[in-house]
Each structure stands twice: as C-alpha cells, then as structure tokens.
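protein05.txt, holding compact mmCIF, C-alpha atoms (C1' of nucleotides):
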# COMPACT_ATOMS: atom_id res chain seq x y z
CA MET A 5 -0.87 -20.50 -0.53
CA LEU A 6 -3.58 -17.84 -0.53
CA GLY A 7 -3.36 -17.89 3.24
CA ALA A 8 0.33 -16.98 3.15
CA ALA A 9 -0.38 -14.19 0.68
CA LEU A 10 -3.16 -12.80 2.86
CA ASP A 11 -0.84 -12.86 5.87
CA LEU A 12 1.73 -10.77 4.06
CA PHE A 13 -0.74 -8.44 2.35
CA SER A 14 -2.34 -7.75 5.73
CA GLU A 15 0.99 -7.04 7.35
CA HIS A 16 2.84 -5.08 4.67
CA GLY A 17 0.08 -4.08 2.25
CA PHE A 18 -0.28 -5.21 -1.34
CA GLU A 19 2.47 -3.04 -2.77
CA GLY A 20 4.70 -3.71 0.19
CA THR A 21 4.59 -7.45 -0.39
CA SER A 22 6.93 -9.01 -2.95
CA LEU A 23 6.47 -12.27 -4.75
CA GLN A 24 9.86 -13.19 -3.33
CA GLY A 25 8.42 -12.78 0.13
CA ILE A 26 5.45 -14.99 -0.64
CA ALA A 27 7.69 -17.62 -2.20
CA ASP A 28 10.06 -17.54 0.78
CA ARG A 29 7.24 -18.08 3.24
CA LEU A 30 6.04 -21.06 1.21
CA GLY A 31 9.57 -22.45 0.93
CA VAL A 32 9.54 -22.36 -2.86
CA THR A 33 10.91 -20.04 -5.51
CA LYS A 34 9.34 -17.10 -7.26
CA ALA A 35 9.00 -19.05 -10.49
CA ALA A 36 6.98 -21.72 -8.72
CA VAL A 37 4.50 -19.08 -7.60
CA TYR A 38 4.26 -17.81 -11.16
CA TYR A 39 3.23 -21.22 -12.32
CA HIS A 40 0.00 -20.98 -10.33
CA PHE A 41 -0.66 -17.25 -10.74
CA HIS A 42 0.60 -15.42 -13.76
CA THR A 43 0.60 -11.97 -12.20
CA LYS A 44 0.57 -10.44 -8.75
CA ASP A 45 -2.89 -9.02 -9.37
CA GLU A 46 -4.14 -12.52 -10.06
CA ILE A 47 -3.20 -13.53 -6.53
CA LEU A 48 -5.10 -10.59 -5.10
CA LEU A 49 -8.11 -11.36 -7.24
CA ALA A 50 -8.18 -15.04 -6.25
CA LEU A 51 -7.90 -14.00 -2.63
CA VAL A 52 -10.72 -11.51 -2.73
CA GLN A 53 -13.04 -12.88 -5.39
CA PRO A 54 -15.08 -15.27 -3.19
CA ALA A 55 -15.77 -12.60 -0.59
CA ILE A 56 -16.78 -10.05 -3.22
CA ASP A 57 -19.02 -12.44 -5.12
CA GLU A 58 -20.76 -13.49 -1.95
CA LEU A 59 -21.33 -9.91 -0.91
CA LEU A 60 -22.78 -9.03 -4.31
CA MET A 61 -25.08 -12.03 -4.01
CA LEU A 62 -26.09 -11.02 -0.50
CA ALA A 63 -26.90 -7.53 -1.70
CA GLY A 64 -28.68 -8.91 -4.76
CA GLU A 65 -31.03 -11.12 -2.79
CA LYS A 66 -32.86 -8.20 -1.38
CA ASP A 67 -33.44 -6.57 -4.76
CA SER A 68 -34.72 -9.73 -6.37
CA GLY A 69 -37.36 -10.03 -3.69
CA LEU A 70 -36.32 -13.43 -2.38
CA ARG A 71 -36.53 -12.07 1.11
CA PRO A 72 -39.46 -10.09 2.43
CA GLN A 73 -38.90 -6.41 1.71
CA ARG A 74 -38.83 -4.22 4.73
CA GLY A 75 -38.94 -0.96 2.86
CA ARG A 76 -35.65 0.06 4.39
CA GLY A 77 -32.98 -1.45 6.51
CA MET A 78 -30.79 -4.45 5.85
CA ASP A 79 -30.58 -7.81 7.43
CA VAL A 80 -27.91 -6.85 9.92
CA ALA A 81 -27.51 -10.40 11.19
CA GLY A 82 -26.92 -11.61 7.65
CA TYR A 83 -24.22 -9.06 7.04
CA VAL A 84 -22.51 -9.88 10.33
CA ASP A 85 -22.55 -13.55 9.39
CA TYR A 86 -20.92 -12.61 6.14
CA LEU A 87 -18.25 -10.57 7.88
CA LEU A 88 -17.43 -13.41 10.24
CA ARG A 89 -17.23 -15.86 7.36
CA HIS A 90 -14.72 -13.67 5.53
CA ARG A 91 -13.20 -12.11 8.57
CA ARG A 92 -9.59 -11.69 7.51
CA VAL A 93 -10.28 -10.68 3.94
CA ALA A 94 -12.87 -8.12 5.01
CA ALA A 95 -10.47 -6.64 7.54
CA TYR A 96 -7.72 -6.49 4.96
CA LEU A 97 -9.84 -4.79 2.32
CA THR A 98 -10.93 -2.02 4.66
CA ARG A 99 -7.33 -1.34 5.70
CA ASP A 100 -5.49 -1.42 2.39
CA ALA A 101 -6.75 1.21 0.00
CA THR A 102 -4.27 0.05 -2.64
CA ALA A 103 -6.02 -3.26 -3.09
CA MET A 104 -9.39 -1.91 -4.15
CA SER A 105 -7.74 0.66 -6.44
CA ARG A 106 -6.05 -2.05 -8.49
CA PRO A 107 -7.34 -2.16 -12.07
CA VAL A 108 -8.69 -5.69 -11.58
CA LEU A 109 -10.84 -4.66 -8.65
CA VAL A 110 -11.81 -1.09 -9.35
CA GLU A 111 -15.00 -1.92 -11.25
CA LYS A 112 -16.13 -4.41 -8.64
CA GLY A 113 -15.41 -1.85 -5.96
CA ALA A 114 -17.82 0.66 -7.44
CA GLN A 115 -20.54 -1.99 -7.76
CA LEU A 116 -20.00 -3.03 -4.18
CA ARG A 117 -20.18 0.35 -2.55
CA GLY A 118 -23.45 1.11 -4.26
CA GLN A 119 -25.17 -2.17 -3.56
CA VAL A 120 -24.06 -2.48 0.03
CA GLU A 121 -25.22 1.01 0.86
CA ALA A 122 -28.56 0.33 -0.77
CA MET A 123 -28.85 -2.92 1.16
CA LEU A 124 -27.97 -1.20 4.37
CA LEU A 125 -30.24 1.78 4.16
CA GLY A 126 -32.99 0.66 1.83
CA GLY A 127 -32.43 2.89 -1.13
CA ASP A 128 -32.04 6.33 0.40
CA ALA A 129 -29.24 8.25 -1.22
CA ASP A 130 -29.04 11.59 0.55
CA ASP A 131 -26.12 12.99 2.51
CA LEU A 132 -27.43 11.69 5.81
CA SER A 133 -27.77 8.09 4.64
CA THR A 134 -24.35 8.20 3.01
CA LEU A 135 -22.85 9.36 6.27
CA TRP A 136 -24.52 6.81 8.52
CA GLY A 137 -24.16 4.04 5.98
CA SER A 138 -20.44 4.46 5.66
CA ALA A 139 -20.13 4.89 9.41
CA THR A 140 -21.93 1.60 10.01
CA LEU A 141 -19.82 -0.35 7.56
CA GLN A 142 -16.61 1.09 8.96
CA ALA A 143 -17.73 0.56 12.54
CA LEU A 144 -18.47 -3.13 11.95
CA ALA A 145 -15.19 -3.66 10.11
CA GLY A 146 -13.29 -1.75 12.79
CA ALA A 147 -14.85 -3.76 15.57
CA LEU A 148 -14.03 -6.94 13.69
CA MET A 149 -10.39 -5.95 13.38
CA ALA A 150 -10.07 -4.87 16.99
CA ALA A 151 -11.64 -7.99 18.44
CA PRO A 152 -9.03 -10.13 20.20
CA PRO A 153 -8.55 -13.45 18.40
CA ASP A 154 -9.50 -15.46 21.46
CA VAL A 155 -13.05 -14.22 21.95
CA SER A 156 -15.75 -16.72 21.12
CA GLU A 157 -17.43 -16.38 17.76
CA THR A 158 -20.92 -16.41 19.24
CA TRP A 159 -20.00 -13.53 21.55
CA LEU A 160 -18.53 -11.60 18.66
CA ARG A 161 -21.54 -12.27 16.46
CA GLU A 162 -23.86 -11.03 19.17
CA GLU A 163 -21.89 -7.86 19.84
CA LEU A 164 -21.48 -6.99 16.18
CA THR A 165 -25.18 -7.48 15.55
CA ASP A 166 -25.92 -5.26 18.52
CA LEU A 167 -23.56 -2.65 17.16
CA GLY A 168 -25.10 -2.75 13.70
CA MET A 169 -28.65 -2.56 15.00
CA HIS A 170 -27.74 0.30 17.28
CA LEU A 171 -26.30 2.29 14.39
CA LEU A 172 -29.26 1.50 12.17
CA ALA A 173 -31.58 2.75 14.88
CA GLY A 174 -29.45 5.85 15.19
CA TYR A 175 -29.77 6.53 11.50
CA ARG A 176 -33.55 6.14 11.58
CA LYS A 177 -33.78 8.50 14.51
CA ALA A 178 -31.58 11.06 12.79
CA ALA A 179 -33.56 10.76 9.56
CA ARG A 180 -36.83 11.24 11.40
CA ARG A 181 -35.52 14.24 13.28
CA ARG A 182 -34.32 15.93 10.06
CA GLN A 183 -37.54 15.25 8.21
CA THR A 184 -39.81 17.16 10.56
CA MET B 22 3.86 19.88 -2.15
CA LEU B 23 2.59 18.01 0.89
CA GLY B 24 -0.85 18.35 -0.61
CA ALA B 25 0.21 16.56 -3.78
CA ALA B 26 1.84 13.81 -1.73
CA LEU B 27 -1.30 13.37 0.37
CA ASP B 28 -3.40 13.12 -2.79
CA LEU B 29 -1.27 10.29 -4.12
CA PHE B 30 -0.82 8.51 -0.79
CA SER B 31 -4.59 8.57 -0.30
CA GLU B 32 -5.23 7.16 -3.74
CA HIS B 33 -2.48 4.58 -4.12
CA GLY B 34 -1.21 4.08 -0.60
CA PHE B 35 2.25 4.92 0.70
CA GLU B 36 4.02 1.97 -0.90
CA GLY B 37 2.06 2.39 -4.09
CA THR B 38 3.23 5.97 -4.54
CA SER B 39 6.60 6.60 -6.17
CA LEU B 40 8.73 9.68 -5.76
CA GLN B 41 8.63 9.91 -9.53
CA GLY B 42 4.85 10.17 -9.33
CA ILE B 43 5.02 12.95 -6.77
CA ALA B 44 7.63 14.79 -8.83
CA ASP B 45 5.56 14.42 -12.01
CA ARG B 46 2.48 15.87 -10.37
CA LEU B 47 4.52 18.83 -9.18
CA GLY B 48 6.09 19.26 -12.60
CA VAL B 49 9.64 18.84 -11.26
CA THR B 50 12.15 16.00 -11.10
CA LYS B 51 12.77 13.41 -8.44
CA ALA B 52 16.01 15.08 -7.42
CA ALA B 53 14.16 18.32 -6.76
CA VAL B 54 11.89 16.50 -4.32
CA TYR B 55 14.93 15.04 -2.62
CA TYR B 56 16.25 18.50 -1.99
CA HIS B 57 13.36 19.23 0.36
CA PHE B 58 12.93 15.74 1.85
CA HIS B 59 15.88 13.42 2.08
CA THR B 60 13.83 10.22 2.23
CA LYS B 61 10.36 9.06 1.38
CA ASP B 62 9.60 8.48 5.04
CA GLU B 63 10.44 12.11 5.73
CA ILE B 64 7.60 13.17 3.46
CA LEU B 65 5.18 10.93 5.31
CA LEU B 66 6.38 12.20 8.65
CA ALA B 67 6.06 15.87 7.68
CA LEU B 68 2.58 15.15 6.40
CA VAL B 69 1.37 13.39 9.49
CA GLN B 70 3.36 14.95 12.33
CA PRO B 71 1.09 17.93 13.07
CA ALA B 72 -2.04 15.79 13.24
CA ILE B 73 -0.38 13.21 15.48
CA ASP B 74 1.10 15.77 17.84
CA GLU B 75 -2.22 17.52 18.21
CA LEU B 76 -4.02 14.28 18.91
CA LEU B 77 -1.50 13.32 21.58
CA MET B 78 -1.98 16.74 23.14
CA LEU B 79 -5.74 16.38 23.00
CA ALA B 80 -5.55 12.99 24.69
CA GLY B 81 -3.06 14.31 27.21
CA GLU B 82 -5.29 17.16 28.35
CA LYS B 83 -7.74 14.81 29.94
CA ASP B 84 -5.11 12.98 31.98
CA SER B 85 -3.55 16.17 33.28
CA GLY B 86 -6.89 17.23 34.66
CA LEU B 87 -7.18 20.49 32.77
CA ARG B 88 -10.73 19.58 31.85
CA PRO B 89 -13.30 18.36 34.31
CA GLN B 90 -13.11 14.60 34.61
CA ARG B 91 -16.28 12.75 33.85
CA GLY B 92 -15.13 9.41 35.10
CA ARG B 93 -15.58 7.92 31.67
CA GLY B 94 -16.31 9.13 28.22
CA MET B 95 -14.43 11.52 26.03
CA ASP B 96 -15.15 14.97 24.85
CA VAL B 97 -16.79 13.86 21.62
CA ALA B 98 -17.16 17.38 20.33
CA GLY B 99 -13.46 18.02 20.86
CA TYR B 100 -12.50 14.94 18.94
CA VAL B 101 -14.85 15.80 16.08
CA ASP B 102 -13.32 19.26 15.93
CA TYR B 103 -9.93 17.64 15.70
CA LEU B 104 -11.07 15.34 12.89
CA LEU B 105 -12.48 18.23 10.91
CA ARG B 106 -9.29 20.19 11.35
CA HIS B 107 -7.18 17.33 9.99
CA ARG B 108 -9.83 15.87 7.78
CA ARG B 109 -7.79 14.44 4.92
CA VAL B 110 -4.84 13.25 6.98
CA ALA B 111 -7.09 11.51 9.48
CA ALA B 112 -8.98 9.78 6.68
CA TYR B 113 -5.73 8.69 5.09
CA LEU B 114 -4.23 7.28 8.27
CA THR B 115 -7.23 5.11 9.01
CA ARG B 116 -7.19 3.67 5.48
CA ASP B 117 -3.49 2.99 4.97
CA ALA B 118 -2.18 0.59 7.55
CA THR B 119 1.26 0.57 5.92
CA ALA B 120 1.80 4.21 6.83
CA MET B 121 1.51 3.69 10.58
CA SER B 122 3.72 0.61 10.40
CA ARG B 123 6.64 2.60 9.00
CA PRO B 124 9.60 2.67 11.38
CA VAL B 125 9.31 6.44 11.76
CA LEU B 126 5.72 6.20 12.95
CA VAL B 127 5.47 2.90 14.72
CA GLU B 128 6.28 4.22 18.19
CA LYS B 129 3.89 7.14 17.84
CA GLY B 130 1.24 4.73 16.62
CA ALA B 131 1.37 2.62 19.76
CA GLN B 132 1.18 5.72 21.95
CA LEU B 133 -1.80 6.98 19.98
CA ARG B 134 -3.92 3.87 20.04
CA GLY B 135 -3.57 3.60 23.79
CA GLN B 136 -4.27 7.22 24.62
CA VAL B 137 -7.16 7.66 22.23
CA GLU B 138 -8.94 4.57 23.47
CA ALA B 139 -8.45 5.68 27.05
CA MET B 140 -9.75 9.13 26.17
CA LEU B 141 -12.72 7.63 24.42
CA LEU B 142 -13.81 5.11 26.98
CA GLY B 143 -12.36 6.42 30.19
CA GLY B 144 -9.86 3.74 31.05
CA ASP B 145 -11.80 0.51 30.59
CA ALA B 146 -9.75 -2.11 28.83
CA ASP B 147 -11.93 -5.17 28.46
CA ASP B 148 -13.06 -6.83 25.24
CA LEU B 149 -16.29 -4.88 25.12
CA SER B 150 -14.65 -1.47 25.38
CA THR B 151 -12.04 -2.43 22.80
CA LEU B 152 -14.79 -3.41 20.40
CA TRP B 153 -16.90 -0.32 20.82
CA GLY B 154 -13.92 1.98 21.03
CA SER B 155 -12.49 0.82 17.74
CA ALA B 156 -15.96 0.85 16.19
CA THR B 157 -16.47 4.47 17.23
CA LEU B 158 -13.14 5.64 15.86
CA GLN B 159 -13.66 3.82 12.59
CA ALA B 160 -17.24 5.03 12.29
CA LEU B 161 -16.25 8.66 12.69
CA ALA B 162 -13.39 8.32 10.25
CA GLY B 163 -15.60 6.45 7.80
CA ALA B 164 -18.32 9.06 7.97
CA LEU B 165 -15.71 11.74 7.46
CA MET B 166 -14.43 10.05 4.33
CA ALA B 167 -17.88 9.40 2.90
CA ALA B 168 -19.14 12.93 3.44
CA PRO B 169 -19.51 14.74 0.11
CA PRO B 170 -17.06 17.62 -0.14
CA ASP B 171 -19.83 20.17 -0.64
CA VAL B 172 -21.69 19.70 2.64
CA SER B 173 -21.35 22.55 5.09
CA GLU B 174 -18.86 22.12 7.88
CA THR B 175 -21.36 23.01 10.58
CA TRP B 176 -23.75 20.33 9.32
CA LEU B 177 -20.94 17.79 9.24
CA ARG B 178 -19.78 18.75 12.71
CA GLU B 179 -23.27 18.33 14.07
CA GLU B 180 -23.84 14.96 12.43
CA LEU B 181 -20.47 13.57 13.47
CA THR B 182 -21.00 14.67 17.05
CA ASP B 183 -24.41 13.01 16.98
CA LEU B 184 -22.85 9.85 15.63
CA GLY B 185 -20.14 9.79 18.27
CA MET B 186 -22.53 10.46 21.11
CA HIS B 187 -24.88 7.80 19.84
CA LEU B 188 -22.10 5.22 19.80
CA LEU B 189 -20.86 6.24 23.21
CA ALA B 190 -24.38 5.83 24.57
CA GLY B 191 -24.55 2.44 22.90
CA TYR B 192 -21.35 1.36 24.59
CA ARG B 193 -22.59 2.46 28.01
CA LYS B 194 -25.82 0.58 27.49
CA ALA B 195 -23.98 -2.55 26.40
CA ALA B 196 -21.60 -2.32 29.34
CA ARG B 197 -24.47 -1.94 31.76
CA ARG B 198 -26.34 -4.88 30.27
CA ARG B 199 -23.30 -7.15 30.53
CA GLN B 200 -22.52 -6.13 34.09
CA THR B 201 -25.79 -7.28 35.59
C1' DG C 4 5.22 -29.01 -11.12
C1' DT C 5 9.36 -26.97 -9.52
C1' DC C 6 13.80 -25.49 -10.41
C1' DT C 7 17.98 -22.06 -12.19
C1' DA C 8 19.05 -18.23 -14.77
C1' DT C 9 18.10 -14.09 -16.69
C1' DA C 10 15.68 -10.27 -18.97
C1' DA C 11 13.48 -5.81 -18.42
C1' DT C 12 11.87 -2.40 -15.67
C1' DG C 13 11.20 0.77 -11.90
C1' DC C 14 12.54 1.97 -7.46
C1' DG C 15 14.91 4.99 -3.73
C1' DA C 16 18.79 7.57 -3.36
C1' DT C 17 23.35 10.18 -4.63
C1' DA C 18 26.78 13.18 -7.21
C1' DG C 19 27.83 17.10 -9.46
C1' DA C 20 26.81 20.80 -13.02
C1' DC C 21 24.21 25.04 -13.48
C1' DG D 7 16.86 25.27 -5.81
C1' DT D 8 16.46 22.52 -9.74
C1' DC D 9 18.55 20.02 -13.17
C1' DT D 10 20.87 15.60 -15.75
C1' DA D 11 22.88 11.41 -15.13
C1' DT D 12 23.69 7.41 -12.82
C1' DC D 13 24.38 3.83 -9.14
C1' DG D 14 22.77 -0.25 -6.77
C1' DC D 15 19.14 -2.84 -5.89
C1' DA D 16 14.58 -5.19 -5.78
C1' DT D 17 10.92 -5.95 -8.45
C1' DT D 18 7.70 -8.44 -11.89
C1' DA D 19 7.93 -11.58 -15.31
C1' DT D 20 9.86 -15.09 -18.79
C1' DA D 21 12.61 -19.08 -20.87
C1' DG D 22 14.13 -23.44 -20.65
C1' DA D 23 16.31 -27.48 -18.06
C1' DC D 24 14.91 -31.31 -15.08
Please express the file's structure as structure tokens.
Amino acid sequence: MLGAALDLFSEHGFEGTSLQGIADRLGVTKAAVYYHFHTKDEILLALVQPAIDELLMLAGEKDSGLRPQRGRGMDVAGYVDYLLRHRRVAAYLTRDATAMSRPVLVEKGAQLRGQVEAMLLGGDADDLSTLWGSATLQALAGALMAAPPDVSETWLREELTDLGMHLLAGYRKAARRRQT
Amino acid sequence: MLGAALDLFSEHGFEGTSLQGIADRLGVTKAAVYYHFHTKDEILLALVQPAIDELLMLAGEKDSGLRPQRGRGMDVAGYVDYLLRHRRVAAYLTRDATAMSRPVLVEKGAQLRGQVEAMLLGGDADDLSTLWGSATLQALAGALMAAPPDVSETWLREELTDLGMHLLAGYRKAARRRQT
DNA sequence: GTCTATAATGCGATAGAC
DNA sequence: GTCTATCGCATTATAGAC
C-alpha cells in the first residue's frame, strides 16, 4: 500500500497524485483507502515518518554523547547507511518540495534541517558551513537518485561515502583558508 | 507577475499552486490571469524558457568548438555564472520534479540532462560519471538555495566555483583510482 | 474490511459585459 | 485589460449497505 503511494508520489508529486489513482493501482476503491488512512496527509506521514524518526535519532546520538565526539564532522558512513536504508523516501523528499511544506511535516522539517546540519558540520553555523552543508546533503541525495538501479549496493555505499568524505574535506579546507 | 508565480511555485510546487492563489497575490481575478496566459502550463513555460534556452546554448558552445576543448571537464565558472543569473528559477527546477515532467517541458528536460552532463564531465557515460555528475549539479543547486540572501554575489560566486572545482577534482581522482 | 453512492469543495478554463 | 458568472470536472471526504 505505502509502496504504491510512494511510486505515485515520486512520479507525479504529492499534489499531482489522487486517491483515486492510488486506489486504482491497488485494485480497490477510494473508500477502501479511506478506511486505512483518514486523510491524504496521513498517507504521506505514514510513508515518511520512519525515515524522519530515524534521522532525528541518528542526529541525536551525537549530541547525547553516545558516540565519541570528534569536535566537528559527522559520521559520513552512518549517514550513507541511513540514505541507503531509506533510499526511495529520501530521494522523494529531496525532489518534492510540496511534501515537506505540508502542515503535518513542516515542524519536523525545521527540526531536521537544523540537526542534520549540526551533525554534518559539528555545530558551526556561519555562511560557509551552511553552504557546504547543504551542498553535501544535496550531492549525496542527487547521487543516490542518479545511481542506476542495477549497481551493487556495496559499490554505491563506497562511492557515496567517498563523495561525502571528499566534500567534508573540501569544507574543512575552505574553512581553514578563510580563517587565516 | 512571473515573480509572484515563481514565489508560489517554489513554496507549494507547481501542482500545489492554484491560479486562484496567483490571482489573489496579484490582487486580480483568475480571469485576468487567463488573459495573459491561456493555460497554467503557459505560465510555467514563460517562467522557465529563458533559463532553459540559455543553458542549452551554454552547453552547445562547447560542442561547436567556440571555446578551447579541454578533453574533459566543463567551464565551472561559466556554469556558476549561469546559476547566479537564473538563481531562483534554477533552484526551483531542481526542487520540483513535477515541473520538468509537464508535457510542455519534458522534451527540453531530456535534452538538458544529456547536454549538461556531457558538458560537465566531457562525454564519459559510465556509472561513476553519472554519480559524480549528478552530485555536482545537485550540490551547486543546493548551495545556491541554502545561501542566505544577504551574502555578496562575488563571495557566492567564488565559493560556488570552489565547490564545483573541488567536486570535479574529486571525480577525476575517483576515475583515476578505478581505472588502475 | 470493502463496497456503492453521494456530498461538498476547489480546480482549470470559457463566455460575455464593461 | 479586467471584471462577474458559470461550466464541467476531479478532488477529498463521508454515510450506510453488505
């Protein structure tokens, strides 16, 4: 069910997808869909909730000191693992601006952006870190979307980690250069 | 007019924006909007056309040999200039997948993806170049969107060029490593 | 738990007066 | 060039039979 919805949301966007369309793909009627989810937003929420919760947890771990603090810099490998685990949802959320601007998700969205950037860059909050932070997140998501479906997951994991580390190194270099 | 439409499209997506909403923001009625644009798609097209045409031209220049060929690798600075010139439209197009999948834009979209990737990576078309190419485009667009509106344009231009060059260098390094 | 039927609303788009 | 008014249609959502 949620799989069918994600298919259609990814292809036509949230607003471009009708409950009729979802019901048709499932071979049932609209009313049957409404039995399980009382609104369209509820479908979106159910689809996205697990990925969001997990990301908040992932970002929270660092703050609570469960992992050794590195002063700055995230666990790139951990974030790549996360992306691969929620591959399709992550790709969808970065492509459909409507989804995150829904009332049900807008508060979570603000939380997310803040925590992920902090996780990624270790607490800096100047223009430079904002720029590189957003670039890194978008680069990883973009690479994820562009990757052909037939490439092996281990190859993809390796390349994405490489990409993330490379960007993180680039940020550090840029930050150092601007500081002196 | 087109500015108001871009505001709303950026915030709620193409499908999520109603003609009523556009008319309300302009302080006129729906019918008044329809006088200038006969369909909703026409608004999108008018909004996006200049940016798309210019990008196709930019990508075309390299093929026609007007600029010195470098074998591989794009003119990063030229692309950054382009992005800054069409800042808001470029940001919108990378965030709203529904827009490019509209019938009016779908053919241009296919053209674009091909030419820009070729421009960026110099004709390679393997999995690695696809990954890094898409990552670079998304990173630049993401950085553009995240940049606070008050930063100076020269600073932004410099940082974006840095970012693009850094990613291009990363791709070359990765390609070299995998070749041996 | 799934159906048919229907209510209520908003949408894109058109016609014609001013 | 902008308005009022309206058409036809798809949408979200509900009520009640089975």
* To do: Just the residues within 10 Å of D:DA16, please, counting only C-alpha atoms (C1' of nucleotides), with nothing from its chain fewer than 2 positions along; format it as a ChimeraX atom specification.
  => /A:22,24 /C:13-14 /D:14,18
* To do: Show which residues sit within 10 Å of C:DT5, as a PyMOL selection string. Count all atoms listed in the file, and ignore same-chain residues fewer than 6 positions away.
  => (chain A and resi 32-33+35-37+39) or (chain D and resi 24)
* For atom CA of B:Gln159 and atom CA of B:Thr182, the interatomic separation in Å (one decimal) ->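 A separation of 13.8 Å between them.
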* Within 8 Å of chain B, which residues of chain A are there when counting only C-alpha atoms? Please give them as number ranges by chain. => A: 15-17, 19-20, 98-102, 105, 131, 134-148, 150-152, 167, 170-171, 174
Can you build me a table of chain B residues sitting at most 9 Å from chain C, with the closest atom pair per residue and its distance in Å to one decimal, using only C-alpha atoms (C1' of nucleotides), sorted by chain and residue number, as a tab-separated table?
residue	atom	partner	partner_atom	distance
B:Ser39	CA	C:DC14	C1'	7.6
B:Leu40	CA	C:DG15	C1'	8.0
B:Ala52	CA	C:DA16	C1'	9.0
B:Tyr55	CA	C:DA16	C1'	8.4
B:His59	CA	C:DA16	C1'	8.5
B:Thr60	CA	C:DA16	C1'	7.9
B:Lys61	CA	C:DG15	C1'	8.0
* Asked: Contacts of A:Val108 at 12 Å or less, counting only C-alpha atoms (C1' of nucleotides), minus same-chain residues fewer than 3 places along, as a list of chain:residue names?
  -> A:Thr43, A:Lys44, A:Asp45, A:Glu46, A:Ile47, A:Leu48, A:Leu49, A:Ala50, A:Val52, A:Gln53, A:Thr102, A:Ala103, A:Met104, A:Ser105, A:Glu111, A:Lys112, A:Gly113, A:Ala114
How about saving the chosen residues, C-alpha atoms kept, as a PDB file, keeping the file's coordinate frame?
ATOM      1  CA  THR A  43       0.600 -11.970 -12.200  1.00  0.00           C
ATOM      2  CA  LYS A  44       0.570 -10.440  -8.750  1.00  0.00           C
ATOM      3  CA  ASP A  45      -2.890  -9.020  -9.370  1.00  0.00           C
ATOM      4  CA  GLU A  46      -4.140 -12.520 -10.060  1.00  0.00           C
ATOM      5  CA  ILE A  47      -3.200 -13.530  -6.530  1.00  0.00           C
ATOM      6  CA  LEU A  48      -5.100 -10.590  -5.100  1.00  0.00           C
ATOM      7  CA  LEU A  49      -8.110 -11.360  -7.240  1.00  0.00           C
ATOM      8  CA  ALA A  50      -8.180 -15.040  -6.250  1.00  0.00           C
ATOM      9  CA  VAL A  52     -10.720 -11.510  -2.730  1.00  0.00           C
ATOM     10  CA  GLN A  53     -13.040 -12.880  -5.390  1.00  0.00           C
ATOM     11  CA  THR A 102      -4.270   0.050  -2.640  1.00  0.00           C
ATOM     12  CA  ALA A 103      -6.020  -3.260  -3.090  1.00  0.00           C
ATOM     13  CA  MET A 104      -9.390  -1.910  -4.150  1.00  0.00           C
ATOM     14  CA  SER A 105      -7.740   0.660  -6.440  1.00  0.00           C
ATOM     15  CA  GLU A 111     -15.000  -1.920 -11.250  1.00  0.00           C
ATOM     16  CA  LYS A 112     -16.130  -4.410  -8.640  1.00  0.00           C
ATOM     17  CA  GLY A 113     -15.410  -1.850  -5.960  1.00  0.00           C
ATOM     18  CA  ALA A 114     -17.820   0.660  -7.440  1.00  0.00           C
TER      19      ALA A 114
END
Contact table chain D vs chain B, cut-off 12 Å, shortest pair per residue, only C-alpha atoms (C1' of nucleotides), as JSON lines:
{"residue": "D:DG7", "atom": "C1'", "partner": "B:Ala53", "partner_atom": "CA", "distance": 7.5}
{"residue": "D:DT8", "atom": "C1'", "partner": "B:Ala53", "partner_atom": "CA", "distance": 5.6}
{"residue": "D:DC9", "atom": "C1'", "partner": "B:Thr50", "partner_atom": "CA", "distance": 7.8}
{"residue": "D:DT10", "atom": "C1'", "partner": "B:Ala52", "partner_atom": "CA", "distance": 9.7}
{"residue": "D:DA11", "atom": "C1'", "partner": "B:Ala52", "partner_atom": "CA", "distance": 11.0}
* Interatomic distance, atom CA of B:Gly185 to atom CA of A:Val80 (Å, one decimal) ->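 Separating atom CA of B:Gly185 from atom CA of A:Val80 is a distance of 20.2 Å.
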N, CA and C atoms are what I want for stretch 165-176 of chain B; can you complete it accordingly and write them as a PDB file, keeping the file's coordinate frame?
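As written to disk, result_4.pdb reads:
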ATOM      1  N   LEU B 165     -16.487  10.609   7.948  1.00  0.00           N
ATOM      2  CA  LEU B 165     -15.710  11.740   7.460  1.00  0.00           C
ATOM      3  C   LEU B 165     -15.306  11.546   6.002  1.00  0.00           C
ATOM      4  N   MET B 166     -14.864  10.331   5.692  1.00  0.00           N
ATOM      5  CA  MET B 166     -14.430  10.050   4.330  1.00  0.00           C
ATOM      6  C   MET B 166     -15.592  10.055   3.353  1.00  0.00           C
ATOM      7  N   ALA B 167     -16.732   9.546   3.802  1.00  0.00           N
ATOM      8  CA  ALA B 167     -17.880   9.400   2.900  1.00  0.00           C
ATOM      9  C   ALA B 167     -18.597  10.720   2.650  1.00  0.00           C
ATOM     10  N   ALA B 168     -18.406  11.666   3.556  1.00  0.00           N
ATOM     11  CA  ALA B 168     -19.140  12.930   3.440  1.00  0.00           C
ATOM     12  C   ALA B 168     -18.780  13.627   2.128  1.00  0.00           C
ATOM     13  N   PRO B 169     -19.771  14.003   1.346  1.00  0.00           N
ATOM     14  CA  PRO B 169     -19.510  14.740   0.110  1.00  0.00           C
ATOM     15  C   PRO B 169     -18.791  16.044   0.441  1.00  0.00           C
ATOM     16  N   PRO B 170     -17.895  16.463  -0.439  1.00  0.00           N
ATOM     17  CA  PRO B 170     -17.060  17.620  -0.140  1.00  0.00           C
ATOM     18  C   PRO B 170     -17.851  18.927  -0.055  1.00  0.00           C
ATOM     19  N   ASP B 171     -19.081  18.913  -0.558  1.00  0.00           N
ATOM     20  CA  ASP B 171     -19.830  20.170  -0.640  1.00  0.00           C
ATOM     21  C   ASP B 171     -20.742  20.413   0.552  1.00  0.00           C
ATOM     22  N   VAL B 172     -20.819  19.453   1.490  1.00  0.00           N
ATOM     23  CA  VAL B 172     -21.690  19.700   2.640  1.00  0.00           C
ATOM     24  C   VAL B 172     -21.052  20.742   3.559  1.00  0.00           C
ATOM     25  N   SER B 173     -21.877  21.491   4.235  1.00  0.00           N
ATOM     26  CA  SER B 173     -21.350  22.550   5.090  1.00  0.00           C
ATOM     27  C   SER B 173     -20.647  21.946   6.298  1.00  0.00           C
ATOM     28  N   GLU B 174     -19.655  22.663   6.781  1.00  0.00           N
ATOM     29  CA  GLU B 174     -18.860  22.120   7.880  1.00  0.00           C
ATOM     30  C   GLU B 174     -19.662  22.080   9.169  1.00  0.00           C
ATOM     31  N   THR B 175     -20.559  23.028   9.340  1.00  0.00           N
ATOM     32  CA  THR B 175     -21.360  23.010  10.580  1.00  0.00           C
ATOM     33  C   THR B 175     -22.310  21.820  10.582  1.00  0.00           C
ATOM     34  N   TRP B 176     -22.884  21.513   9.416  1.00  0.00           N
ATOM     35  CA  TRP B 176     -23.750  20.330   9.320  1.00  0.00           C
ATOM     36  C   TRP B 176     -22.960  19.071   9.645  1.00  0.00           C
TER      37      TRP B 176
END
